[in-house]
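Report on the structure given below.
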Amino acid sequence: MTTVNLFTVVQVLLLAVLASSATNNAYKSLPPTCQSDIYCHGPLIHTVQMASIFPDSKTFVDMKMKYSRNETLRRFSNMMKKTDNAPSRHEVEIFVNETFDPAGSEFVDYEPEDWIQKPAFLEKVLNPDLRQWGSQLNLLWKFLGRKMKDDVKVNPEKYSIIYVPHPVIVPGGRFREFYYWDSYWIIRGLLYSQMYSTARGMIHNFVTIVDQYGFIPNGGRIYYAMRSQPPLLAPMVKSYLDVTHDLQFLKDNIHTLEKEFEFWMMNRTTQIEKDGHTYTLARYNDQSRGPRPESYREDYSSAQSFRTEGEKEIYYGELKTAAESGWDFSSRWFVLNGTNKGNLTNLKGSSIIPVELNAIIYWNAKLLAEFNKELGMTDKQIKYTEIAEQWLEAVTKVLWHEEVGAWLDYDIINEKKRDYFYPTNISPLWTNCYDTDKKTYFISKIMKYLEKTNIDVNQAGVPTTLEHSGEQWDYPNAWPPLQYILIMSLDTTGDEWCREIAYEFAERWVRSNYKAYNETNAMYEKYDATVLGGHGGGGEYEVQLGFGWTNGVIIELLDKYGHKLTPEQQATAGSEPHTGASISASGFSSSSVSTITQLLTAILALLATFAAGCIG
């Protein structure tokens, strides 16, 4: 090897070491998930969470301190000294029980004052069984209502919950506080239930939080204070205004809507170079250090597969970025050799440009333009109209793929499209983030795309992805917000063919939810797309009951389609039972494909059994 070549090798190695060092040290400048050294970072939360005294890590960080922060830390220090910094699980459990009150101590019983027994949407539901079910769902708002104790406002440092002045409707189960994007469907459900005051109060809560934090955190806990969720505040306000025409509310709060939009513009956008042009698009991107407090043990343990602290912090950041998307977790955020394979250690969500986030950002800009026009603010109307136009161009140029017939997420690392099915691949139809003068073109492409995916073979809903990863935002799980986005994306086009397919997907979803409710007397956060009435699984925790956004979506579908929905397929005399509309105009039907799929599965199972018997 020549001296020059040796020098070059040394240079490359030195640069690699410096780059690695910079990466591993960059995390040190990041803030923790929140400032609390009880609930977010420090030796106390580490000791308690790693002792595994609760099956769910979220339980501890939802507990209230009985004493002041200083006294709590003093008691913790005493325990550590007595145990030579190695307390047993039992000793940690005693400390927690003596120093904290149970999770849920921040609430008082609350029944929404504006709840009514027979909201108007029930009159639209002609089938008596579905109407009775709708009435029971309306009743669930009373059980999901929460109001904070005055002590939360007086002594906020003793709680992890973020104080809000108005009562809230929570998702249910382990989710004892509000969640940002859940609340969009909850609020729409409340509006259909004519609970206008409760809906207004929840939106006003978000306004106060934006004023305090500059954005809306993932959920109503301080440990969510460094990440958000899909920005749906402006669409919430739009939903509220469409029903109430409360322009004074808009006038009082327009500046806050603009403030939240500015957060996303300043903190969650990046530049993408394509075909000689530079486009600005949004991504999810948590910028804090440390494990998620609500999943501390799980995150810390899984991070041990990484060698350096810097690598671990990058991993923690990707976990929180995926949580910001609402899809925690999914193969959608895996990047391994340019594919969506791998596991949680391959999370790279901060390097992916998601379709629906950018469709929602466009929607926000259009709504802010509309709101400012309504208020006579011409300059701001022009400003947000221009942003919307720029966003539409970027979404079209970077995310739309004519050869595929859909919008696709973009991989920043590998500079390529991610050609994998998600219901959100058609979400620009939902927010009108496309050239509506070319609607016929887009509809033709998208309907062919949906046909190719074979998603209509699933009898109980549309799966989140087609990947079998074991994560909860993957196959076969079907989630209410994604059913809604797919259904409304098709329906919003106004095209008769699209609307018929939208109805078919809505019908399957309603029937599956109804069957599950009849069998278990419960509404779930997620369902199994392959089993009528089956609830979902996978992920970090057991399937949760309640459930806020599930109820909201069903109530809206009952209002929209209740005049023709039935709880099961109806066969008329002398005819075959209805098998559902075909996505393809050429007669591609879900029932026939489903039957073939089931037959092939059975044959494969028999062959596998036979082979196993021969081998044995």
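All residue names refer to the structure tokens as shown: chains lettered A, B, ... in order, residues numbered from 1 in each chain, ligands numbered from 1 in order.
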Strand (DSSP E or B) positions in stretch 435-600 of chain A, given as a list in words: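 The residues of stretch 435-600 of chain A classed as strand (DSSP E or B) are Asn477, Ala478, Tyr524, Tyr527, Asp528, His535 and Leu545 of chain A.
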Residues within 10 Å of A:Asn267, only C-alpha atoms, excluding chain neighbours under 6 positions, as a ChimeraX atom specification: /A:282-287
Within 9 Å of A:Met523 using only C-alpha atoms, minus same-chain residues under 3 positions, as a PyMOL selection string: chain A and resi 137+513-514+516-517+520+526+544-548+550-551
Backbone DSSP call of helix (DSSP H, G or I) for stretch 406-511 of chain A, listed as a count of residues only: 59
Spatial neighbours of A:Lys82, max dist 12 Å, only C-alpha atoms, sep filter under 6 positions, as JSON, numbers by chain: {"A": [75, 76, 88, 91, 92, 95]}
Take the residues that were just selected and, keeping C-alpha atoms, output them as a compact mmCIF listing (two decimals), in the first residue's frame.
# COMPACT_ATOMS: atom_id res chain seq x y z
CA ARG A 75 -37.88 9.16 50.63
CA PHE A 76 -36.47 7.59 47.49
CA SER A 88 -35.64 -5.66 45.84
CA GLU A 91 -38.92 -2.87 48.63
CA VAL A 92 -39.63 -0.77 45.54
CA PHE A 95 -41.88 2.69 48.46
